[in-house]
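Undergrad: I'm passing along coords31.pdb; it holds PDB, C-alpha atoms, pLDDT in the B column.
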```
MODEL        1
ATOM      1  CA  MET K 263      45.260  41.076 -42.252  1.00 41.00           C
ATOM      2  CA  THR K 264      46.084  37.614 -40.903  1.00 42.00           C
ATOM      3  CA  ASP K 265      46.638  36.797 -37.239  1.00 45.00           C
ATOM      4  CA  MET K 266      50.016  37.918 -35.898  1.00 48.00           C
ATOM      5  CA  GLU K 267      50.736  39.938 -39.077  1.00 50.00           C
ATOM      6  CA  GLN K 268      52.657  43.056 -38.169  1.00 53.00           C
ATOM      7  CA  ASP K 269      50.722  46.293 -38.503  1.00 52.00           C
ATOM      8  CA  SER K 270      52.436  49.445 -39.759  1.00 58.00           C
ATOM      9  CA  ASP K 271      50.156  51.512 -37.505  1.00 75.00           C
ATOM     10  CA  PRO K 272      50.725  51.482 -33.743  1.00 85.00           C
ATOM     11  CA  VAL K 273      48.952  48.652 -31.928  1.00 94.00           C
ATOM     12  CA  THR K 274      47.992  49.772 -28.437  1.00 95.00           C
ATOM     13  CA  ALA K 275      46.499  48.232 -25.321  1.00 98.00           C
ATOM     14  CA  ALA K 276      45.060  49.027 -21.931  1.00 98.00           C
ATOM     15  CA  LEU K 277      44.994  46.738 -18.912  1.00 98.00           C
ATOM     16  CA  VAL K 278      42.181  46.564 -16.351  1.00 98.00           C
ATOM     17  CA  ILE K 279      43.157  44.764 -13.148  1.00 97.00           C
ATOM     18  CA  ILE K 280      40.035  43.638 -11.327  1.00 97.00           C
ATOM     19  CA  GLY K 281      39.918  42.773  -7.638  1.00 93.00           C
ATOM     20  CA  GLU K 282      39.297  44.142  -4.167  1.00 91.00           C
ATOM     21  CA  GLU K 283      42.289  42.111  -2.986  1.00 91.00           C
ATOM     22  CA  ILE K 284      44.619  44.263  -5.096  1.00 92.00           C
ATOM     23  CA  LEU K 285      43.081  47.543  -3.949  1.00 92.00           C
ATOM     24  CA  SER K 286      43.135  46.511  -0.289  1.00 92.00           C
ATOM     25  CA  GLY K 287      46.754  45.374  -0.374  1.00 91.00           C
ATOM     26  CA  ARG K 288      45.937  41.790   0.613  1.00 90.00           C
ATOM     27  CA  THR K 289      47.394  40.574  -2.677  1.00 90.00           C
ATOM     28  CA  THR K 290      50.348  41.969  -4.582  1.00 89.00           C
ATOM     29  CA  ASP K 291      49.684  42.388  -8.293  1.00 92.00           C
ATOM     30  CA  ALA K 292      52.078  40.043 -10.091  1.00 90.00           C
ATOM     31  CA  ASN K 293      50.552  40.366 -13.550  1.00 96.00           C
ATOM     32  CA  THR K 294      51.219  43.943 -14.670  1.00 96.00           C
ATOM     33  CA  THR K 295      54.976  43.668 -15.193  1.00 95.00           C
ATOM     34  CA  TYR K 296      54.611  40.334 -16.982  1.00 95.00           C
ATOM     35  CA  ILE K 297      51.879  41.595 -19.317  1.00 97.00           C
ATOM     36  CA  ALA K 298      53.697  44.870 -20.060  1.00 95.00           C
ATOM     37  CA  ALA K 299      56.911  43.067 -21.006  1.00 92.00           C
ATOM     38  CA  TYR K 300      55.028  40.421 -23.014  1.00 94.00           C
ATOM     39  CA  LEU K 301      53.131  43.018 -25.032  1.00 94.00           C
ATOM     40  CA  THR K 302      56.249  45.107 -25.622  1.00 89.00           C
ATOM     41  CA  ARG K 303      58.017  42.083 -27.099  1.00 87.00           C
ATOM     42  CA  ALA K 304      54.993  41.496 -29.345  1.00 90.00           C
ATOM     43  CA  GLY K 305      54.947  45.071 -30.606  1.00 91.00           C
ATOM     44  CA  ILE K 306      51.810  46.054 -28.679  1.00 94.00           C
ATOM     45  CA  ALA K 307      52.229  49.267 -26.706  1.00 92.00           C
ATOM     46  CA  LEU K 308      50.595  49.178 -23.255  1.00 95.00           C
ATOM     47  CA  ARG K 309      49.359  52.739 -22.768  1.00 96.00           C
ATOM     48  CA  GLU K 310      47.110  52.649 -19.711  1.00 97.00           C
ATOM     49  CA  ILE K 311      46.548  50.540 -16.584  1.00 98.00           C
ATOM     50  CA  ARG K 312      43.538  50.751 -14.270  1.00 97.00           C
ATOM     51  CA  VAL K 313      42.712  48.875 -11.078  1.00 97.00           C
ATOM     52  CA  VAL K 314      39.012  48.518 -10.297  1.00 97.00           C
ATOM     53  CA  PRO K 315      37.050  46.687  -7.579  1.00 96.00           C
ATOM     54  CA  ASP K 316      34.830  43.639  -8.068  1.00 95.00           C
ATOM     55  CA  LEU K 317      31.869  45.874  -8.844  1.00 96.00           C
ATOM     56  CA  GLU K 318      29.973  45.329 -12.064  1.00 97.00           C
ATOM     57  CA  ALA K 319      29.337  49.016 -12.728  1.00 97.00           C
ATOM     58  CA  GLU K 320      33.019  49.910 -12.226  1.00 97.00           C
ATOM     59  CA  ILE K 321      34.166  47.195 -14.638  1.00 98.00           C
ATOM     60  CA  VAL K 322      31.580  48.182 -17.261  1.00 98.00           C
ATOM     61  CA  ALA K 323      32.617  51.830 -17.036  1.00 98.00           C
ATOM     62  CA  ALA K 324      36.327  51.051 -17.342  1.00 98.00           C
ATOM     63  CA  VAL K 325      35.931  48.659 -20.273  1.00 98.00           C
ATOM     64  CA  ASN K 326      33.543  50.898 -22.202  1.00 98.00           C
ATOM     65  CA  THR K 327      35.832  53.890 -21.700  1.00 98.00           C
ATOM     66  CA  LEU K 328      38.944  52.062 -22.863  1.00 98.00           C
ATOM     67  CA  ARG K 329      37.846  49.781 -25.679  1.00 98.00           C
ATOM     68  CA  PRO K 330      37.164  52.567 -28.227  1.00 98.00           C
ATOM     69  CA  ARG K 331      40.538  54.166 -27.449  1.00 98.00           C
ATOM     70  CA  PHE K 332      42.888  51.197 -27.764  1.00 97.00           C
ATOM     71  CA  SER K 333      43.471  48.299 -30.132  1.00 97.00           C
ATOM     72  CA  TYR K 334      42.987  45.858 -27.239  1.00 98.00           C
ATOM     73  CA  VAL K 335      41.778  45.904 -23.645  1.00 98.00           C
ATOM     74  CA  PHE K 336      43.092  43.124 -21.411  1.00 98.00           C
ATOM     75  CA  THR K 337      41.453  42.308 -18.087  1.00 98.00           C
ATOM     76  CA  THR K 338      42.678  40.089 -15.274  1.00 97.00           C
ATOM     77  CA  GLY K 339      40.646  38.709 -12.396  1.00 95.00           C
ATOM     78  CA  GLY K 340      37.044  38.075 -11.500  1.00 94.00           C
ATOM     79  CA  ILE K 341      36.260  34.986 -13.615  1.00 95.00           C
ATOM     80  CA  GLY K 342      36.432  32.392 -10.838  1.00 92.00           C
ATOM     81  CA  PRO K 343      33.667  30.340  -9.178  1.00 92.00           C
ATOM     82  CA  THR K 344      32.619  32.620  -6.312  1.00 91.00           C
ATOM     83  CA  HIS K 345      29.803  35.136  -5.937  1.00 88.00           C
ATOM     84  CA  ASP K 346      32.139  38.118  -6.177  1.00 88.00           C
ATOM     85  CA  ASP K 347      33.553  36.993  -9.546  1.00 93.00           C
ATOM     86  CA  VAL K 348      31.472  39.374 -11.619  1.00 96.00           C
ATOM     87  CA  THR K 349      33.740  40.109 -14.584  1.00 97.00           C
ATOM     88  CA  THR K 350      31.862  37.875 -17.050  1.00 97.00           C
ATOM     89  CA  ASP K 351      28.536  39.548 -16.288  1.00 97.00           C
ATOM     90  CA  ALA K 352      30.165  42.990 -16.468  1.00 98.00           C
ATOM     91  CA  ILE K 353      31.685  42.338 -19.894  1.00 98.00           C
ATOM     92  CA  ALA K 354      28.334  41.039 -21.167  1.00 98.00           C
ATOM     93  CA  LYS K 355      26.650  44.181 -19.878  1.00 98.00           C
ATOM     94  CA  ALA K 356      29.319  46.381 -21.475  1.00 98.00           C
ATOM     95  CA  PHE K 357      28.568  44.790 -24.859  1.00 98.00           C
ATOM     96  CA  GLU K 358      24.824  44.451 -24.192  1.00 98.00           C
ATOM     97  CA  VAL K 359      24.776  40.700 -24.811  1.00 98.00           C
ATOM     98  CA  ALA K 360      23.492  37.744 -22.799  1.00 97.00           C
ATOM     99  CA  VAL K 361      25.601  35.393 -20.705  1.00 96.00           C
ATOM    100  CA  VAL K 362      25.306  31.735 -21.739  1.00 95.00           C
ATOM    101  CA  VAL K 363      26.737  28.461 -20.495  1.00 94.00           C
ATOM    102  CA  ASP K 364      29.143  27.598 -23.292  1.00 95.00           C
ATOM    103  CA  PRO K 365      29.118  23.884 -24.193  1.00 95.00           C
ATOM    104  CA  ASP K 366      32.756  23.994 -25.326  1.00 95.00           C
ATOM    105  CA  ALA K 367      33.739  25.519 -21.983  1.00 95.00           C
ATOM    106  CA  VAL K 368      31.853  22.761 -20.145  1.00 94.00           C
ATOM    107  CA  ALA K 369      33.525  20.112 -22.309  1.00 93.00           C
ATOM    108  CA  ALA K 370      36.948  21.565 -21.564  1.00 92.00           C
ATOM    109  CA  MET K 371      36.235  21.557 -17.822  1.00 92.00           C
ATOM    110  CA  ARG K 372      35.083  17.929 -17.958  1.00 91.00           C
ATOM    111  CA  THR K 373      38.644  16.988 -18.946  1.00 90.00           C
ATOM    112  CA  HIS K 374      39.823  18.377 -15.582  1.00 88.00           C
ATOM    113  CA  TYR K 375      36.916  17.692 -13.212  1.00 88.00           C
ATOM    114  CA  ALA K 376      34.958  14.518 -12.546  1.00 88.00           C
ATOM    115  CA  GLU K 377      31.233  14.845 -13.215  1.00 87.00           C
ATOM    116  CA  ASP K 378      30.401  15.108  -9.501  1.00 87.00           C
ATOM    117  CA  GLU K 379      33.041  17.837  -9.142  1.00 89.00           C
ATOM    118  CA  LEU K 380      31.322  20.062 -11.689  1.00 88.00           C
ATOM    119  CA  THR K 381      29.336  21.852  -9.017  1.00 90.00           C
ATOM    120  CA  PRO K 382      27.113  24.845  -9.802  1.00 89.00           C
ATOM    121  CA  ALA K 383      29.896  27.079  -8.462  1.00 88.00           C
ATOM    122  CA  ARG K 384      32.463  25.597 -10.840  1.00 91.00           C
ATOM    123  CA  LEU K 385      30.019  25.721 -13.744  1.00 91.00           C
ATOM    124  CA  ARG K 386      29.905  29.497 -13.224  1.00 92.00           C
ATOM    125  CA  MET K 387      33.297  29.452 -14.945  1.00 94.00           C
ATOM    126  CA  ALA K 388      31.656  28.065 -18.103  1.00 94.00           C
ATOM    127  CA  ARG K 389      29.398  31.125 -18.374  1.00 95.00           C
ATOM    128  CA  ILE K 390      30.557  33.226 -21.328  1.00 96.00           C
ATOM    129  CA  PRO K 391      29.141  36.377 -22.965  1.00 97.00           C
ATOM    130  CA  GLN K 392      27.293  35.420 -26.115  1.00 97.00           C
ATOM    131  CA  GLY K 393      29.513  35.743 -29.183  1.00 97.00           C
ATOM    132  CA  ALA K 394      32.803  35.578 -27.287  1.00 97.00           C
ATOM    133  CA  ALA K 395      35.601  33.258 -28.404  1.00 97.00           C
ATOM    134  CA  LEU K 396      37.144  31.033 -25.748  1.00 97.00           C
ATOM    135  CA  ILE K 397      40.756  31.340 -24.617  1.00 97.00           C
ATOM    136  CA  ASP K 398      42.258  27.988 -23.676  1.00 95.00           C
ATOM    137  CA  ASN K 399      43.434  27.313 -20.132  1.00 95.00           C
ATOM    138  CA  PRO K 400      45.503  24.121 -20.114  1.00 92.00           C
ATOM    139  CA  ILE K 401      46.069  24.300 -16.352  1.00 93.00           C
ATOM    140  CA  SER K 402      42.590  24.187 -14.814  1.00 89.00           C
ATOM    141  CA  ARG K 403      40.596  24.135 -18.088  1.00 89.00           C
ATOM    142  CA  ALA K 404      38.180  26.959 -17.109  1.00 93.00           C
ATOM    143  CA  PRO K 405      38.629  29.271 -20.100  1.00 96.00           C
ATOM    144  CA  GLY K 406      39.059  32.961 -20.564  1.00 97.00           C
ATOM    145  CA  PHE K 407      37.413  34.649 -23.527  1.00 98.00           C
ATOM    146  CA  MET K 408      37.791  37.374 -26.132  1.00 98.00           C
ATOM    147  CA  LEU K 409      34.893  39.548 -27.254  1.00 98.00           C
ATOM    148  CA  GLU K 410      35.758  41.942 -30.076  1.00 98.00           C
ATOM    149  CA  ASN K 411      38.906  43.698 -28.788  1.00 98.00           C
ATOM    150  CA  VAL K 412      38.457  42.844 -25.097  1.00 98.00           C
ATOM    151  CA  ILE K 413      40.514  39.934 -23.744  1.00 98.00           C
ATOM    152  CA  VAL K 414      39.402  38.521 -20.394  1.00 98.00           C
ATOM    153  CA  MET K 415      41.887  36.430 -18.406  1.00 97.00           C
ATOM    154  CA  ALA K 416      42.225  34.905 -14.964  1.00 96.00           C
ATOM    155  CA  GLY K 417      43.910  36.761 -12.138  1.00 95.00           C
ATOM    156  CA  VAL K 418      46.023  33.811 -10.956  1.00 95.00           C
ATOM    157  CA  PRO K 419      49.419  34.586 -12.536  1.00 95.00           C
ATOM    158  CA  ARG K 420      50.319  31.146 -13.885  1.00 95.00           C
ATOM    159  CA  ILE K 421      46.849  30.752 -15.437  1.00 96.00           C
ATOM    160  CA  MET K 422      46.894  34.283 -16.823  1.00 97.00           C
ATOM    161  CA  GLN K 423      50.245  33.548 -18.453  1.00 96.00           C
ATOM    162  CA  VAL K 424      49.032  30.457 -20.325  1.00 96.00           C
ATOM    163  CA  MET K 425      45.916  32.332 -21.417  1.00 97.00           C
ATOM    164  CA  LEU K 426      48.084  35.139 -22.768  1.00 97.00           C
ATOM    165  CA  ASP K 427      50.115  32.583 -24.710  1.00 96.00           C
ATOM    166  CA  ALA K 428      46.898  31.086 -26.069  1.00 96.00           C
ATOM    167  CA  VAL K 429      45.395  34.358 -27.269  1.00 97.00           C
ATOM    168  CA  ALA K 430      48.584  35.970 -28.601  1.00 95.00           C
ATOM    169  CA  PRO K 431      48.435  34.347 -32.071  1.00 94.00           C
ATOM    170  CA  ARG K 432      45.040  35.984 -32.676  1.00 95.00           C
ATOM    171  CA  LEU K 433      46.307  39.512 -32.103  1.00 96.00           C
ATOM    172  CA  ARG K 434      47.554  42.133 -34.499  1.00 93.00           C
ATOM    173  CA  THR K 435      51.056  43.181 -33.609  1.00 89.00           C
ATOM    174  CA  GLY K 436      53.035  46.299 -34.351  1.00 85.00           C
ATOM    175  CA  ARG K 437      56.730  46.798 -34.770  1.00 83.00           C
ATOM    176  CA  PRO K 438      58.601  45.647 -31.653  1.00 82.00           C
ATOM    177  CA  MET K 439      59.949  48.375 -29.394  1.00 83.00           C
ATOM    178  CA  LEU K 440      63.744  48.471 -29.444  1.00 88.00           C
ATOM    179  CA  THR K 441      65.733  49.745 -26.475  1.00 91.00           C
ATOM    180  CA  ARG K 442      69.208  51.135 -25.844  1.00 93.00           C
ATOM    181  CA  SER K 443      70.477  52.018 -22.388  1.00 95.00           C
ATOM    182  CA  VAL K 444      73.518  53.987 -21.239  1.00 96.00           C
ATOM    183  CA  ARG K 445      74.758  54.336 -17.652  1.00 95.00           C
ATOM    184  CA  ILE K 446      76.010  57.865 -17.022  1.00 96.00           C
ATOM    185  CA  ASP K 447      77.931  58.461 -13.793  1.00 95.00           C
ATOM    186  CA  VAL K 448      76.512  61.902 -13.016  1.00 94.00           C
ATOM    187  CA  ALA K 449      73.419  63.132 -11.215  1.00 93.00           C
ATOM    188  CA  GLU K 450      70.211  63.324 -13.228  1.00 94.00           C
ATOM    189  CA  GLY K 451      70.109  67.106 -12.947  1.00 94.00           C
ATOM    190  CA  ASP K 452      73.491  67.396 -14.645  1.00 94.00           C
ATOM    191  CA  VAL K 453      72.502  65.354 -17.683  1.00 95.00           C
ATOM    192  CA  ALA K 454      68.926  66.693 -17.904  1.00 95.00           C
ATOM    193  CA  PRO K 455      69.617  69.687 -20.231  1.00 96.00           C
ATOM    194  CA  GLY K 456      71.426  67.496 -22.739  1.00 96.00           C
ATOM    195  CA  LEU K 457      68.683  64.867 -22.675  1.00 96.00           C
ATOM    196  CA  ALA K 458      66.008  67.541 -23.147  1.00 96.00           C
ATOM    197  CA  ALA K 459      67.791  68.900 -26.214  1.00 96.00           C
ATOM    198  CA  LEU K 460      68.291  65.366 -27.532  1.00 97.00           C
ATOM    199  CA  GLN K 461      64.579  64.595 -27.122  1.00 96.00           C
ATOM    200  CA  ALA K 462      63.649  67.774 -28.989  1.00 96.00           C
ATOM    201  CA  SER K 463      65.846  66.790 -31.930  1.00 96.00           C
ATOM    202  CA  HIS K 464      64.672  63.158 -31.969  1.00 96.00           C
ATOM    203  CA  PRO K 465      60.895  63.330 -31.356  1.00 94.00           C
ATOM    204  CA  GLU K 466      60.224  59.793 -32.625  1.00 92.00           C
ATOM    205  CA  VAL K 467      62.500  58.271 -29.988  1.00 94.00           C
ATOM    206  CA  GLN K 468      61.349  58.013 -26.367  1.00 92.00           C
ATOM    207  CA  ILE K 469      64.145  59.206 -24.099  1.00 95.00           C
ATOM    208  CA  GLY K 470      63.867  58.564 -20.377  1.00 94.00           C
ATOM    209  CA  SER K 471      66.224  59.207 -17.478  1.00 93.00           C
ATOM    210  CA  TYR K 472      66.295  57.071 -14.346  1.00 93.00           C
ATOM    211  CA  PRO K 473      68.468  58.135 -11.406  1.00 94.00           C
ATOM    212  CA  PHE K 474      70.275  55.644  -9.178  1.00 92.00           C
ATOM    213  CA  PHE K 475      72.474  55.774  -6.072  1.00 89.00           C
ATOM    214  CA  GLU K 476      75.362  53.376  -5.826  1.00 86.00           C
ATOM    215  CA  GLN K 477      78.401  53.326  -3.557  1.00 82.00           C
ATOM    216  CA  ARG K 478      77.478  56.798  -2.301  1.00 84.00           C
ATOM    217  CA  ARG K 479      77.473  58.220  -5.800  1.00 87.00           C
ATOM    218  CA  LEU K 480      74.604  59.469  -7.929  1.00 92.00           C
ATOM    219  CA  GLY K 481      74.159  58.291 -11.479  1.00 94.00           C
ATOM    220  CA  THR K 482      71.602  58.188 -14.287  1.00 95.00           C
ATOM    221  CA  PHE K 483      70.472  55.561 -16.729  1.00 95.00           C
ATOM    222  CA  ALA K 484      69.460  57.109 -20.054  1.00 95.00           C
ATOM    223  CA  VAL K 485      67.058  54.781 -21.855  1.00 94.00           C
ATOM    224  CA  LEU K 486      66.148  55.262 -25.506  1.00 95.00           C
ATOM    225  CA  ARG K 487      63.196  53.450 -27.101  1.00 90.00           C
ATOM    226  CA  SER K 488      61.895  53.370 -30.659  1.00 89.00           C
ATOM    227  CA  VAL K 489      60.323  51.016 -33.178  1.00 85.00           C
ATOM    228  CA  ASP K 490      62.601  52.467 -35.854  1.00 90.00           C
ATOM    229  CA  PRO K 491      66.142  51.036 -35.612  1.00 93.00           C
ATOM    230  CA  ALA K 492      67.716  53.773 -37.746  1.00 95.00           C
ATOM    231  CA  LYS K 493      66.180  56.602 -35.705  1.00 96.00           C
ATOM    232  CA  LEU K 494      67.153  54.816 -32.497  1.00 95.00           C
ATOM    233  CA  GLU K 495      70.789  54.551 -33.573  1.00 96.00           C
ATOM    234  CA  GLN K 496      70.809  58.223 -34.612  1.00 97.00           C
ATOM    235  CA  ALA K 497      69.513  59.249 -31.192  1.00 97.00           C
ATOM    236  CA  LEU K 498      72.029  56.970 -29.476  1.00 96.00           C
ATOM    237  CA  ALA K 499      74.855  58.577 -31.440  1.00 97.00           C
ATOM    238  CA  GLY K 500      73.521  61.958 -30.336  1.00 97.00           C
ATOM    239  CA  LEU K 501      73.513  60.809 -26.723  1.00 97.00           C
ATOM    240  CA  TRP K 502      77.146  59.740 -26.921  1.00 97.00           C
ATOM    241  CA  GLU K 503      77.978  63.119 -28.433  1.00 96.00           C
ATOM    242  CA  VAL K 504      76.350  64.836 -25.439  1.00 96.00           C
ATOM    243  CA  ILE K 505      78.280  62.581 -23.065  1.00 96.00           C
ATOM    244  CA  HIS K 506      81.617  63.277 -24.731  1.00 96.00           C
ATOM    245  CA  THR K 507      80.977  67.024 -25.037  1.00 95.00           C
ATOM    246  CA  GLU K 508      80.128  67.289 -21.343  1.00 95.00           C
ATOM    247  CA  GLY K 509      82.985  65.031 -20.289  1.00 95.00           C
ATOM    248  CA  PHE K 510      80.727  62.562 -18.497  1.00 95.00           C
ATOM    249  CA  SER K 511      81.840  59.036 -17.626  1.00 94.00           C
ATOM    250  CA  ALA K 512      79.437  56.525 -19.177  1.00 92.00           C
ATOM    251  CA  VAL K 513      79.142  52.946 -20.387  1.00 93.00           C
ATOM    252  CA  ALA K 514      76.584  51.110 -22.493  1.00 89.00           C
ATOM    253  CA  ALA K 515      74.225  49.119 -20.285  1.00 82.00           C
ATOM    254  CA  GLU K 516      71.751  46.307 -20.711  1.00 72.00           C
ATOM    255  CA  PRO K 517      68.151  47.602 -20.731  1.00 58.00           C
ATOM    256  CA  ASP K 518      65.889  46.531 -17.858  1.00 53.00           C
TER
ENDMDL
END
```
So that I can check it, write out the structure of this file as C-alpha cells.
TA:
Amino acid sequence: MTDMEQDSDPVTAALVIIGEEILSGRTTDANTTYIAAYLTRAGIALREIRVVPDLEAEIVAAVNTLRPRFSYVFTTGGIGPTHDDVTTDAIAKAFEVAVVVDPDAVAAMRTHYAEDELTPARLRMARIPQGAALIDNPISRAPGFMLENVIVMAGVPRIMQVMLDAVAPRLRTGRPMLTRSVRIDVAEGDVAPGLAALQASHPEVQIGSYPFFEQRRLGTFAVLRSVDPAKLEQALAGLWEVIHTEGFSAVAAEPD
C-alpha cells in the first residue's frame, strides 16, 4: 500500500501528551483539539488520549501499551533542549534501540543556527533513536521523528502543526468520518428514547446527543457520524422520522 492510500480497514490512533506543565495547569494544552480534527479529516480515528509527566518510565509504559493497539501513536512534547526533555530517550528505550546524533538533523539545524549557536543543549535536539525517520520542522529546524508506528512531535503548537503536515503523507488513511447534525429544541431527556432506538437500528452510525441552554430554553444537538455515506443518510432519515413523530421542533445544523 502506498503512502496516503486509503485503507478499507479502520485506521486508528492514540495521542500521548507529555509534560509536567500540562498536568500542573501551568500550560493549557492547545494540541489535542487540533490533532483530533486533523486526524478525523484524514480518516484516522483518534481513540485514546493520555497525559503523562516528563518521566522516562511513564512515557515508555504509555507508548509500549498503546503502540500494539493502534495503527499510530502520536506524542507531543519533551523533545526540546533542556534536561527534562526526555521523550527521545524514552522512545529509544521503548524500542530497545540506541540514541544517536543524526547527521541529517544536525545539517537541518545548521540552516537555522550559526555554528557558535549550536550549543550542546541545542544539539540534544539532533539526538534521534536509531532507525527513526526524521520529520521536518521548517520553523526552527530541530526535527521530530517517526519510529515504526510512533510519531514524535514538538509540544509547541505551531511547530507541532508543521510536523503533522510533514508526516501526514507517510500515513495510511481510512475513510473520512462524515457528520450530520440536527438541532432539536427539546431537553435531552425528551429525545433520549428516540435516539436510543435509532442507535439500536443503525449500529454502524455513531449517534451522540449534546444538550445546550439558550435563551432560557433547553435543547439538544443530535450528531450522527459514519464513514459510510449511505448508512449515514439512512440514520439521518430515521432521526427526522423520530422528530416528526414526536412533534419536536428541529433544524439541520452545521457540525462542530
Undergrad: Take the PyMOL selection byres ((chain K and resi 285-292) around 9), apply it to the structure above, and return the hits as a list of chain:residue names.
TA: K:Ile279, K:Ile280, K:Gly281, K:Glu282, K:Glu283, K:Ile284, K:Asn293, K:Thr294, K:Thr295, K:Tyr296, K:Val313, K:Val314, K:Pro315, K:Gly417, K:Val418, K:Pro419
Undergrad: Would you mind telling me which residue in K:Ala492, K:Ala383, K:Ile341, K:Ala404 lies nearest to Asp364 (chain K) when using only C-alpha atoms?
TA: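 Checking each candidate against Asp364 (chain K), we get K:Ala404 as the closest.
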Undergrad: Apply the PyMOL selection byres ((chain K and resi 500-513) around 8) to the structure shown and report the selected residues as JSON, numbers by chain.
TA: {"K": [444, 445, 446, 447, 448, 456, 457, 460, 496, 497, 498, 499, 514, 515]}
Undergrad: Written as a ChimeraX atom specification, which residues does the PyMOL selection byres ((chain K and resi 272) around 10) give for the file shown?
TA: /K:268-271,273-275,305-307,332-333,434-437,489
Undergrad: Mind giving me the straight-line distance from CA of Leu317 (chain K) to CA of Asp351 (chain K) in Å, one decimal?
TA: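 Between CA of Leu317 (chain K) and CA of Asp351 (chain K) the gap works out to 10.3 Å.
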Undergrad: Report, in Å to a single decimal, how far apart CA of Lys355 (chain K) and CA of Val322 (chain K) are.
TA: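 Pair CA of Val322 (chain K) / CA of Lys355 (chain K) returns 6.9 Å.
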Undergrad: Counting only C-alpha atoms, what is within 12 Å of Met371 (chain K), bar same-chain residues fewer than 3 positions away, as a VMD selection string?
TA: chain K and resid 364 to 368 374 to 377 379 to 381 384 to 389 398 to 405
